[in-house]
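Listing of final06.cif; format and content: mmCIF, C-alpha atoms and all ligand atoms.
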data_final
loop_
_atom_site.label_atom_id
_atom_site.label_comp_id
_atom_site.auth_asym_id
_atom_site.auth_seq_id
_atom_site.Cartn_x
_atom_site.Cartn_y
_atom_site.Cartn_z
CA MET A 8 82.58 167.22 172.91
CA ALA A 9 81.76 167.06 176.65
CA ASN A 10 83.97 165.29 179.16
CA ALA A 11 82.59 162.81 181.69
CA TYR A 12 83.58 163.33 185.32
CA ILE A 13 82.55 161.76 188.61
CA SER A 14 80.39 164.35 190.36
CA GLY A 15 79.34 162.22 193.35
CA THR A 16 80.23 158.98 195.12
CA GLY A 17 78.49 156.87 197.77
CA TYR A 18 78.72 153.46 199.35
CA PHE A 19 76.73 151.25 201.63
CA VAL A 20 77.57 147.98 203.35
CA PRO A 21 75.18 145.88 205.44
CA GLU A 22 75.51 146.13 209.23
CA ARG A 23 76.17 142.43 209.84
CA VAL A 24 79.93 141.95 210.35
CA ILE A 25 81.28 138.46 209.62
CA THR A 26 84.68 138.03 211.23
CA ASN A 27 87.20 135.35 210.31
CA ASP A 28 86.67 133.81 213.74
CA TYR A 29 82.94 133.51 213.01
CA LEU A 30 83.74 131.45 209.87
CA THR A 31 85.88 129.03 211.89
CA GLN A 32 82.62 127.64 213.39
CA PHE A 33 81.68 126.22 209.99
CA MET A 34 84.98 125.34 208.30
CA ASP A 35 88.50 124.24 209.06
CA THR A 36 90.34 127.56 208.84
CA THR A 37 91.89 130.19 211.09
CA HIS A 38 91.94 133.98 211.30
CA GLU A 39 95.71 133.90 210.80
CA TRP A 40 95.51 131.76 207.62
CA ILE A 41 92.88 134.04 206.07
CA VAL A 42 94.77 137.24 206.92
CA GLU A 43 98.06 135.86 205.61
CA ARG A 44 96.61 134.57 202.30
CA THR A 45 94.08 137.33 201.56
CA GLY A 46 94.48 140.31 203.92
CA ILE A 47 90.81 140.01 204.90
CA HIS A 48 89.82 140.47 208.56
CA GLU A 49 86.07 140.70 208.13
CA ARG A 50 83.33 141.11 205.54
CA ARG A 51 79.65 142.12 205.62
CA TYR A 52 76.62 139.91 204.94
CA VAL A 53 73.01 140.98 204.41
CA SER A 54 70.84 139.69 207.23
CA ASP A 55 67.44 139.50 205.54
CA GLU A 56 66.17 139.24 201.98
CA THR A 57 68.02 142.36 200.84
CA GLY A 58 69.34 142.11 197.29
CA PRO A 59 71.90 144.25 195.47
CA ALA A 60 69.21 146.77 194.45
CA GLY A 61 68.39 147.37 198.13
CA LEU A 62 72.06 147.99 198.97
CA ALA A 63 72.47 150.14 195.86
CA LYS A 64 69.57 152.38 196.89
CA HIS A 65 71.45 153.60 199.98
CA ALA A 66 74.72 154.08 198.06
CA SER A 67 72.94 155.93 195.24
CA GLU A 68 71.14 158.32 197.62
CA ILE A 69 74.51 159.32 199.08
CA ALA A 70 76.10 159.74 195.62
CA LEU A 71 73.18 161.88 194.42
CA LYS A 72 73.41 164.10 197.49
CA GLU A 73 77.15 164.55 197.05
CA ALA A 74 76.62 165.52 193.41
CA GLY A 75 73.90 168.01 194.47
CA LEU A 76 71.38 166.24 192.22
CA THR A 77 67.99 164.58 192.62
CA VAL A 78 66.46 161.53 190.93
CA ALA A 79 64.88 163.88 188.37
CA ASP A 80 68.36 164.85 187.10
CA ILE A 81 69.44 161.29 186.24
CA ASP A 82 69.12 160.29 182.58
CA PHE A 83 70.23 156.64 182.72
CA ILE A 84 71.07 153.85 185.17
CA ILE A 85 73.95 151.40 184.70
CA PHE A 86 73.88 148.60 187.28
CA ALA A 87 76.90 146.30 187.46
CA THR A 88 76.32 143.10 189.41
CA SER A 89 77.17 139.43 189.13
CA THR A 90 74.54 138.57 191.75
CA PRO A 91 71.29 140.12 190.42
CA ASP A 92 68.24 140.16 192.69
CA TYR A 93 66.46 137.88 190.23
CA TYR A 94 67.39 135.95 187.12
CA ALA A 95 65.10 138.47 185.34
CA PRO A 96 64.45 141.38 185.22
CA GLY A 97 67.70 143.17 185.97
CA SER A 98 68.51 144.92 189.25
CA GLY A 99 68.63 148.30 187.46
CA CYS A 100 64.87 148.07 186.82
CA ILE A 101 64.25 147.29 190.49
CA LEU A 102 66.30 150.31 191.52
CA GLN A 103 64.49 152.53 188.99
CA ASP A 104 61.21 151.69 190.71
CA GLU A 105 62.42 151.73 194.33
CA MET A 106 64.08 155.14 194.01
CA GLY A 107 61.27 156.67 191.94
CA PHE A 108 63.34 157.55 188.89
CA GLY A 109 61.47 158.59 185.76
CA ASN A 110 61.00 155.97 183.05
CA ILE A 111 64.67 156.21 182.12
CA GLY A 112 66.76 153.37 180.72
CA ALA A 113 68.20 150.89 183.22
CA LEU A 114 70.97 148.62 181.98
CA ASP A 115 72.43 145.70 183.93
CA VAL A 116 76.08 144.91 183.24
CA ARG A 117 77.15 141.32 183.93
CA VAL A 118 80.92 141.45 183.90
CA GLN A 119 81.59 140.31 187.47
CA CYS A 120 84.59 141.99 189.16
CA SER A 121 85.22 144.21 186.11
CA GLY A 122 81.55 145.25 185.89
CA PHE A 123 81.89 148.68 187.44
CA VAL A 124 84.74 149.73 185.13
CA TYR A 125 82.82 148.41 182.10
CA GLY A 126 79.80 150.40 183.37
CA LEU A 127 81.90 153.53 183.69
CA SER A 128 83.09 153.04 180.13
CA ILE A 129 79.50 152.89 178.84
CA ALA A 130 78.61 156.02 180.81
CA ASP A 131 81.66 157.82 179.41
CA GLN A 132 80.56 157.14 175.83
CA TYR A 133 76.99 158.39 176.42
CA ILE A 134 78.26 161.59 178.04
CA LYS A 135 80.89 162.25 175.36
CA THR A 136 78.34 161.86 172.54
CA GLY A 137 76.03 164.32 174.31
CA GLU A 138 73.25 161.74 174.66
CA PHE A 139 73.03 162.07 178.46
CA LYS A 140 74.10 164.63 181.10
CA ASN A 141 74.03 162.61 184.34
CA ILE A 142 74.28 158.83 184.66
CA LEU A 143 74.08 156.72 187.81
CA VAL A 144 76.67 153.93 187.71
CA ILE A 145 76.46 151.25 190.39
CA GLY A 146 78.39 148.20 191.49
CA ALA A 147 76.41 146.14 193.99
CA GLU A 148 76.58 142.54 195.15
CA VAL A 149 75.09 140.05 197.53
CA GLN A 150 77.65 137.25 197.40
CA SER A 151 76.87 135.80 200.83
CA THR A 152 73.91 133.74 199.59
CA ALA A 153 76.23 131.90 197.13
CA MET A 154 78.82 130.99 199.76
CA ASP A 155 79.25 127.39 200.86
CA LEU A 156 79.95 127.81 204.58
CA SER A 157 81.59 124.42 204.99
CA ASP A 158 85.01 122.85 204.42
CA ARG A 159 84.02 122.28 200.78
CA GLY A 160 83.66 126.04 200.20
CA ARG A 161 86.38 127.36 202.48
CA ASP A 162 88.65 128.69 199.71
CA THR A 163 85.83 130.95 198.44
CA ALA A 164 83.73 131.68 201.52
CA ILE A 165 86.63 133.42 203.24
CA ILE A 166 87.01 135.92 200.38
CA PHE A 167 83.66 137.33 199.28
CA GLY A 168 81.28 139.81 200.91
CA ASP A 169 78.25 142.03 200.25
CA GLY A 170 78.08 145.76 199.55
CA ALA A 171 77.30 148.53 197.10
CA GLY A 172 79.01 151.58 195.65
CA ALA A 173 77.58 154.22 193.34
CA VAL A 174 78.87 157.18 191.36
CA ILE A 175 77.25 159.89 189.31
CA VAL A 176 78.96 160.46 185.97
CA SER A 177 78.20 163.98 184.71
CA ALA A 178 78.99 166.10 181.67
CA THR A 179 81.47 168.97 181.92
CA GLU A 180 83.14 171.36 179.51
CA GLU A 181 86.20 171.45 181.79
CA ASN A 182 89.41 169.61 180.92
CA LYS A 183 88.93 166.78 183.43
CA GLY A 184 87.23 163.46 183.96
CA ILE A 185 87.53 160.01 182.38
CA LEU A 186 90.48 160.10 179.97
CA SER A 187 90.09 156.57 178.66
CA THR A 188 88.79 153.10 179.53
CA HIS A 189 90.14 149.70 178.49
CA MET A 190 88.25 146.41 178.54
CA HIS A 191 89.26 142.79 177.92
CA SER A 192 87.92 139.25 178.27
CA GLU A 193 89.17 135.69 177.84
CA GLY A 194 86.19 133.37 178.06
CA LYS A 195 88.15 130.15 177.82
CA PHE A 196 88.81 130.48 181.54
CA LEU A 197 85.14 130.75 182.45
CA LYS A 198 85.17 127.74 184.76
CA GLU A 199 88.08 129.03 186.84
CA LEU A 200 85.69 131.36 188.66
CA TRP A 201 82.03 130.76 187.97
CA LEU A 202 78.58 130.20 189.31
CA GLU A 203 76.92 127.56 187.17
CA ILE A 204 73.41 127.00 188.49
CA PRO A 205 70.61 127.94 187.72
CA SER A 206 71.57 127.51 184.07
CA SER A 207 69.31 127.93 181.03
CA ARG A 208 71.26 125.04 179.47
CA LYS A 209 69.62 122.71 181.99
CA ASN A 210 65.99 121.69 182.03
CA PRO A 211 65.01 122.06 184.80
CA ARG A 212 67.48 124.87 185.42
CA ILE A 213 68.13 123.59 188.93
CA ASP A 214 67.37 120.30 190.69
CA GLN A 215 68.10 118.62 194.00
CA LYS A 216 71.17 116.76 192.73
CA MET A 217 72.76 120.01 191.52
CA LEU A 218 72.00 121.59 194.90
CA ASP A 219 73.50 118.61 196.75
CA ASP A 220 76.64 118.96 194.61
CA GLY A 221 76.90 122.65 195.55
CA ARG A 222 76.73 123.89 191.98
CA GLN A 223 74.63 126.89 193.09
CA ASN A 224 77.69 128.19 194.95
CA LEU A 225 80.51 130.27 193.53
CA GLN A 226 83.37 127.97 192.45
CA MET A 227 86.94 129.18 192.19
CA ASN A 228 90.32 127.81 191.19
CA GLY A 229 92.21 130.22 193.41
CA ARG A 230 95.68 129.47 192.04
CA GLU A 231 94.67 130.04 188.41
CA VAL A 232 92.82 133.24 189.29
CA PHE A 233 95.87 134.46 191.16
CA ARG A 234 98.25 133.64 188.31
CA HIS A 235 96.20 135.54 185.70
CA ALA A 236 95.32 138.46 187.99
CA VAL A 237 98.95 139.39 188.73
CA LYS A 238 99.60 139.51 184.96
CA ARG A 239 96.44 141.29 183.78
CA PHE A 240 96.25 144.05 186.42
CA PRO A 241 99.64 145.60 185.54
CA GLU A 242 99.06 145.07 181.80
CA VAL A 243 95.76 146.94 181.72
CA ILE A 244 97.07 149.75 183.95
CA ILE A 245 100.08 150.28 181.66
CA GLU A 246 97.82 150.09 178.59
CA GLY A 247 95.70 152.94 180.01
CA LEU A 248 98.65 155.09 181.04
CA GLU A 249 100.40 154.70 177.66
CA LYS A 250 97.21 155.64 175.83
CA ASN A 251 97.34 158.98 177.65
CA ASN A 252 101.11 159.49 177.44
CA LEU A 253 101.37 159.03 181.19
CA THR A 254 103.68 156.89 183.32
CA THR A 255 103.32 155.37 186.78
CA ALA A 256 105.11 158.48 188.11
CA ASP A 257 102.04 160.55 187.14
CA VAL A 258 99.64 158.36 189.16
CA SER A 259 98.31 159.82 192.42
CA LEU A 260 96.17 156.86 193.41
CA VAL A 261 95.29 153.41 192.10
CA VAL A 262 91.91 152.14 193.26
CA PRO A 263 92.14 148.45 192.39
CA HIS A 264 89.41 145.87 192.58
CA GLN A 265 89.83 144.51 196.08
CA ALA A 266 90.51 140.90 195.05
CA ASN A 267 93.16 139.90 197.53
CA THR A 268 95.89 141.87 199.33
CA ARG A 269 98.62 139.54 198.04
CA ILE A 270 97.52 140.13 194.44
CA THR A 271 97.50 143.92 194.91
CA GLU A 272 100.89 143.84 196.59
CA MET A 273 102.44 141.87 193.71
CA VAL A 274 100.87 144.28 191.20
CA ARG A 275 102.20 147.27 193.13
CA ARG A 276 105.71 145.82 193.18
CA LYS A 277 105.60 145.01 189.47
CA LEU A 278 104.61 148.61 188.72
CA LYS A 279 107.16 149.94 191.24
CA LEU A 280 104.50 152.07 192.93
CA PRO A 281 104.85 153.25 196.56
CA PRO A 282 102.54 151.56 199.12
CA GLU A 283 100.47 154.72 199.67
CA SER A 284 99.54 154.84 195.99
CA MET A 285 97.25 151.77 196.31
CA TYR A 286 93.93 152.30 198.07
CA MET A 287 93.01 149.21 200.08
CA ASN A 288 89.98 148.45 202.23
CA ILE A 289 89.72 144.69 201.66
CA HIS A 290 90.51 144.03 205.34
CA LYS A 291 87.07 145.47 206.23
CA TYR A 292 84.81 144.23 203.44
CA GLY A 293 86.51 141.30 201.72
CA ASN A 294 86.06 141.03 197.97
CA THR A 295 82.71 142.56 196.97
CA THR A 296 83.11 141.83 193.23
CA ALA A 297 81.61 144.68 191.12
CA ALA A 298 81.02 146.77 194.25
CA SER A 299 84.62 146.82 195.43
CA ILE A 300 85.94 149.66 193.25
CA PRO A 301 83.04 152.12 193.80
CA ILE A 302 83.08 151.39 197.56
CA ALA A 303 86.85 151.98 197.67
CA LEU A 304 86.55 155.11 195.53
CA ALA A 305 83.86 156.57 197.81
CA GLU A 306 85.96 155.78 200.88
CA ALA A 307 89.08 157.25 199.28
CA MET A 308 87.13 160.48 198.69
CA ARG A 309 86.03 160.55 202.32
CA ASP A 310 89.61 159.86 203.47
CA ASP A 311 90.81 162.89 201.42
CA ARG A 312 93.00 160.62 199.30
CA ILE A 313 91.86 162.26 196.04
CA ALA A 314 92.18 165.95 195.12
CA GLY A 315 91.61 168.06 192.02
CA ASP A 316 93.96 167.33 189.07
CA ASP A 317 95.01 163.94 190.51
CA ILE A 318 95.44 161.09 188.06
CA VAL A 319 93.38 158.24 189.49
CA VAL A 320 93.55 154.74 188.01
CA LEU A 321 90.81 152.15 188.44
CA ALA A 322 91.72 148.55 187.59
CA ALA A 323 89.82 145.28 187.81
CA PHE A 324 90.24 141.59 187.11
CA GLY A 325 87.84 138.74 187.70
CA SER A 326 85.52 136.01 186.52
CA GLY A 327 85.24 135.61 182.77
CA PHE A 328 88.11 136.15 182.81
CA THR A 329 87.56 139.87 182.35
CA TRP A 330 89.84 142.77 183.15
CA ALA A 331 89.60 146.53 182.68
CA SER A 332 91.01 149.92 183.63
CA ALA A 333 89.93 153.55 183.67
CA ILE A 334 92.28 156.54 183.74
CA ILE A 335 90.68 159.57 185.35
CA LYS A 336 91.90 163.15 185.74
CA TRP A 337 90.06 164.25 188.89
N1 LIG B 401 91.71 127.79 205.45
C1 LIG B 401 92.72 126.91 205.62
N2 LIG B 401 93.24 126.21 204.60
C2 LIG B 401 92.70 126.38 203.38
C3 LIG B 401 91.63 127.28 203.14
C4 LIG B 401 91.14 127.98 204.26
N3 LIG B 401 90.13 128.86 204.14
N4 LIG B 401 91.33 127.25 201.83
C5 LIG B 401 92.16 126.37 201.26
N5 LIG B 401 92.97 125.83 202.20
C6 LIG B 401 94.02 124.83 202.04
C7 LIG B 401 93.85 123.98 200.82
O1 LIG B 401 92.89 122.97 201.03
C8 LIG B 401 95.25 123.43 200.62
O2 LIG B 401 95.43 122.35 201.48
P1 LIG B 401 96.31 121.07 201.02
O3 LIG B 401 97.67 121.64 200.74
O4 LIG B 401 96.22 120.21 202.19
O5 LIG B 401 95.62 120.57 199.80
C9 LIG B 401 96.13 124.58 201.11
O6 LIG B 401 95.29 125.44 201.89
C10 LIG B 401 96.73 125.36 199.98
O7 LIG B 401 95.67 125.57 199.03
P2 LIG B 401 95.84 126.51 197.83
O8 LIG B 401 94.53 126.65 197.10
O9 LIG B 401 97.04 126.12 197.05
O10 LIG B 401 96.13 127.83 198.66
P3 LIG B 401 96.59 129.19 198.15
O11 LIG B 401 97.85 129.59 198.79
O12 LIG B 401 96.50 129.28 196.67
O13 LIG B 401 95.46 130.12 198.77
C11 LIG B 401 93.55 131.30 198.01
C12 LIG B 401 94.11 129.94 198.43
C13 LIG B 401 92.11 131.09 197.58
C14 LIG B 401 93.60 132.24 199.20
C15 LIG B 401 94.44 131.83 196.87
O14 LIG B 401 94.53 130.87 195.85
C16 LIG B 401 93.96 133.10 196.30
O15 LIG B 401 93.91 134.09 196.98
N6 LIG B 401 93.59 133.13 195.01
C17 LIG B 401 93.05 134.26 194.36
C18 LIG B 401 91.62 134.40 194.77
C19 LIG B 401 91.04 135.71 194.39
O16 LIG B 401 91.63 136.74 194.52
N7 LIG B 401 89.82 135.65 193.93
C20 LIG B 401 89.08 136.77 193.56
C21 LIG B 401 89.47 137.25 192.22
S1 LIG B 401 88.35 138.40 191.67
#
Before anything else, please render the file you have as structure tokens.
Amino acid sequence: MANAYISGTGYFVPERVITNDYLTQFMDTTHEWIVERTGIHERRYVSDETGPAGLAKHASEIALKEAGLTVADIDFIIFATSTPDYYAPGSGCILQDEMGFGNIGALDVRVQCSGFVYGLSIADQYIKTGEFKNILVIGAEVQSTAMDLSDRGRDTAIIFGDGAGAVIVSATEENKGILSTHMHSEGKFLKELWLEIPSSRKNPRIDQKMLDDGRQNLQMNGREVFRHAVKRFPEVIIEGLEKNNLTTADVSLVVPHQANTRITEMVRRKLKLPPESMYMNIHKYGNTTAASIPIALAEAMRDDRIAGDDIVVLAAFGSGFTWASAIIKW
């Protein structure tokens, strides 16, 4: 049976930098409050009608180049996003066309902040069964168009940003790659972090009253999200390590979903990991949902934070609630 390893990484963020000070024009907040509560200094917003597929194209081109592959080598596309370009069809189909892939399968994964890890898990299975040799796995988001830039939306608007990360998952006979993946959900908390409208339960799916009420914007109960996140992150990391007879002492780097610096710090303390073992870039990009792990992974590679034989742990928690981890031998 083949192993699945990450043969290339890439990321792309839009040029438009949105500082905390910029947000203070629209809402009652301060740079200091945002940094203290979230660790975020700035985030990126698209400036035109670019969707996640457009951001993903740049990230994917870089990942392909790093893997030494071309579009002709890719057998399947897995596109994780909670902010698809359109309600239908999926962003994976848009990317297939825009990058000139063959008529390969393109699967959108809608698991919000955990979407990239779920996507990696799917890729791992296809590689291990021998079905595919090279799979493009993407996390890409345009959250900015669902932000309420007013006092009403200030708890959410300060957190989220736009961006894309991509990896190529390839088959190898070597003893390396994805060791295991672990996925969970708890749908009873769906309204703690959700985007309700447009909804197929409504007819029409969206109307002026819903817009006036701001139901087209991402809604979050920050305290509840926080409470669950600090429990689920450590749980799913330990679950993955135990599955592979590893301990936290074996971990070279954790690349967590960049939810919030305070969450990551509490998780790190719970796991008794040293500060340098957590890769963080949330100060630059905010929380980019499904894109945050592949962006951080690509940056960690470029910062020489990952070397051969390292045990790298990916871990996510978010809307759903969903949470997931991947244990990788690099
Ligand atoms: N600027 C200034 N004050 C703000 C604010 C902002 N941007 N957003 C909220 N506040 C205010 C609240 O209105 C509240 O005021 P009140 O006491 O007068 O009612 C006060 O700050 C405390 O609000 P609370 O929601 O209890 O703050 P908090 O300490 O929980 O911080 C979050 C708010 C959103 C930063 C925090 O809950 C959080 O980080 N949660 C997790 C979010 C997350 O990681 N989401 C992504 C998961 S994938």
To check your reading of the model: which residues sit at most 9 Å from ligand LIG 401 (chain B) when counting only C-alpha atoms and all ligand atoms? Write the answer as a PyMOL selection string.
chain A and resi 30-31+34-38+40-41+43-45+119-121+158-167+200+227-234+236+264-270+294-296+323-326
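Pairwise distance (atom CA of Ile129 of chain A, atom CA of Ile318 of chain A) equals 20.2 Å.
Of the residues listed (A:Phe33, A:Gly107, A:Ile84, A:Thr179), A:Phe33 shows the shortest atom-to-atom separation from Ser157 of chain A; distances use all atoms listed in the file.
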Please indicate the distance in Å from atom CA of Asp82 of chain A to atom CA of Val124 of chain A, rounded to one decimal place.
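Atom CA of Asp82 of chain A sits 19.0 Å away from atom CA of Val124 of chain A.
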Rounded to one decimal, what separation in Å do you get between atom CA of Thr136 of chain A and atom CA of Ala305 of chain A?
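Those two atoms sit 26.4 Å apart.
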Identify which of the residues A:Asn27, A:Asp155, A:Gly327, A:Trp337 lies closest to Phe196 of chain A, counting only C-alpha atoms when measuring atom-to-atom distances.
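Of all the options, A:Gly327 lies closest to Phe196 of chain A.
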Which residue of A:Val24, A:Gln215, A:Ala60, A:Thr329 approaches Lys195 of chain A most closely, using all atoms listed in the file:
A:Thr329
Applying 12 Å and only C-alpha atoms, which residues near segment 49-54 of chain A remain after dropping the ones on its own chain fewer than 4 positions away? List them as a PyMOL selection string.
chain A and resi 19-30+38+41-42+45+58-59+61-62+148-154+164-171+265+288-295+299
Contacts of Arg312 of chain A at 12 Å (all atoms listed in the file; same-chain gap of 6+ positions) as an MDAnalysis selection string:
chainID A and resid 259:262 283:287 303:306 318:319 337
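Of the residues under consideration (A:Gly15, A:Leu186, A:Val258, A:Ser128), A:Gly15 shows the shortest atom-to-atom contact distance to Ile69 of chain A when counting only C-alpha atoms.
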Got a minute to add N, CA, C and O atoms to segment 162-179 of chain A and dump it as a compact mmCIF listing (two decimals), in the coordinates of the input?
# COMPACT_ATOMS: atom_id res chain seq x y z
N ASP A 162 87.74 127.82 200.48
CA ASP A 162 88.65 128.69 199.71
C ASP A 162 87.92 129.93 199.19
O ASP A 162 88.54 130.98 199.00
N THR A 163 86.61 129.84 199.00
CA THR A 163 85.83 130.95 198.44
C THR A 163 85.12 131.75 199.53
O THR A 163 85.11 132.98 199.50
N ALA A 164 84.55 131.02 200.50
CA ALA A 164 83.73 131.68 201.52
C ALA A 164 84.52 132.69 202.34
O ALA A 164 83.95 133.67 202.83
N ILE A 165 85.82 132.49 202.45
CA ILE A 165 86.63 133.42 203.24
C ILE A 165 86.85 134.75 202.51
O ILE A 165 87.20 135.75 203.12
N ILE A 166 86.62 134.76 201.20
CA ILE A 166 87.01 135.92 200.38
C ILE A 166 85.87 136.92 200.14
O ILE A 166 86.09 138.14 200.24
N PHE A 167 84.68 136.43 199.84
CA PHE A 167 83.66 137.33 199.28
C PHE A 167 82.73 137.92 200.34
O PHE A 167 82.47 137.31 201.37
N GLY A 168 82.20 139.12 200.01
CA GLY A 168 81.28 139.81 200.91
C GLY A 168 80.26 140.62 200.13
O GLY A 168 80.29 140.66 198.89
N ASP A 169 79.36 141.26 200.85
CA ASP A 169 78.25 142.03 200.25
C ASP A 169 78.51 143.53 200.39
O ASP A 169 79.12 143.97 201.37
N GLY A 170 77.97 144.31 199.45
CA GLY A 170 78.08 145.76 199.55
C GLY A 170 77.69 146.44 198.26
O GLY A 170 77.41 145.76 197.26
N ALA A 171 77.67 147.76 198.30
CA ALA A 171 77.30 148.53 197.10
C ALA A 171 78.05 149.86 197.07
O ALA A 171 78.27 150.48 198.11
N GLY A 172 78.43 150.26 195.86
CA GLY A 172 79.01 151.58 195.65
C GLY A 172 78.34 152.21 194.45
O GLY A 172 77.88 151.49 193.55
N ALA A 173 78.25 153.53 194.45
CA ALA A 173 77.58 154.22 193.34
C ALA A 173 78.33 155.50 193.02
O ALA A 173 78.92 156.12 193.92
N VAL A 174 78.33 155.87 191.76
CA VAL A 174 78.87 157.18 191.36
C VAL A 174 77.89 157.83 190.39
O VAL A 174 77.12 157.13 189.73
N ILE A 175 77.97 159.15 190.34
CA ILE A 175 77.25 159.89 189.31
C ILE A 175 78.29 160.35 188.29
O ILE A 175 79.30 160.96 188.67
N VAL A 176 78.07 160.01 187.04
CA VAL A 176 78.96 160.46 185.97
C VAL A 176 78.23 161.60 185.25
O VAL A 176 77.11 161.42 184.76
N SER A 177 78.87 162.78 185.24
CA SER A 177 78.20 163.98 184.71
C SER A 177 79.02 164.62 183.59
O SER A 177 80.24 164.44 183.52
N ALA A 178 78.34 165.39 182.78
CA ALA A 178 78.99 166.10 181.67
C ALA A 178 79.64 167.38 182.17
O ALA A 178 79.12 168.05 183.06
N THR A 179 80.80 167.70 181.61
CA THR A 179 81.47 168.97 181.92
C THR A 179 82.20 169.46 180.68
O THR A 179 82.64 168.66 179.85
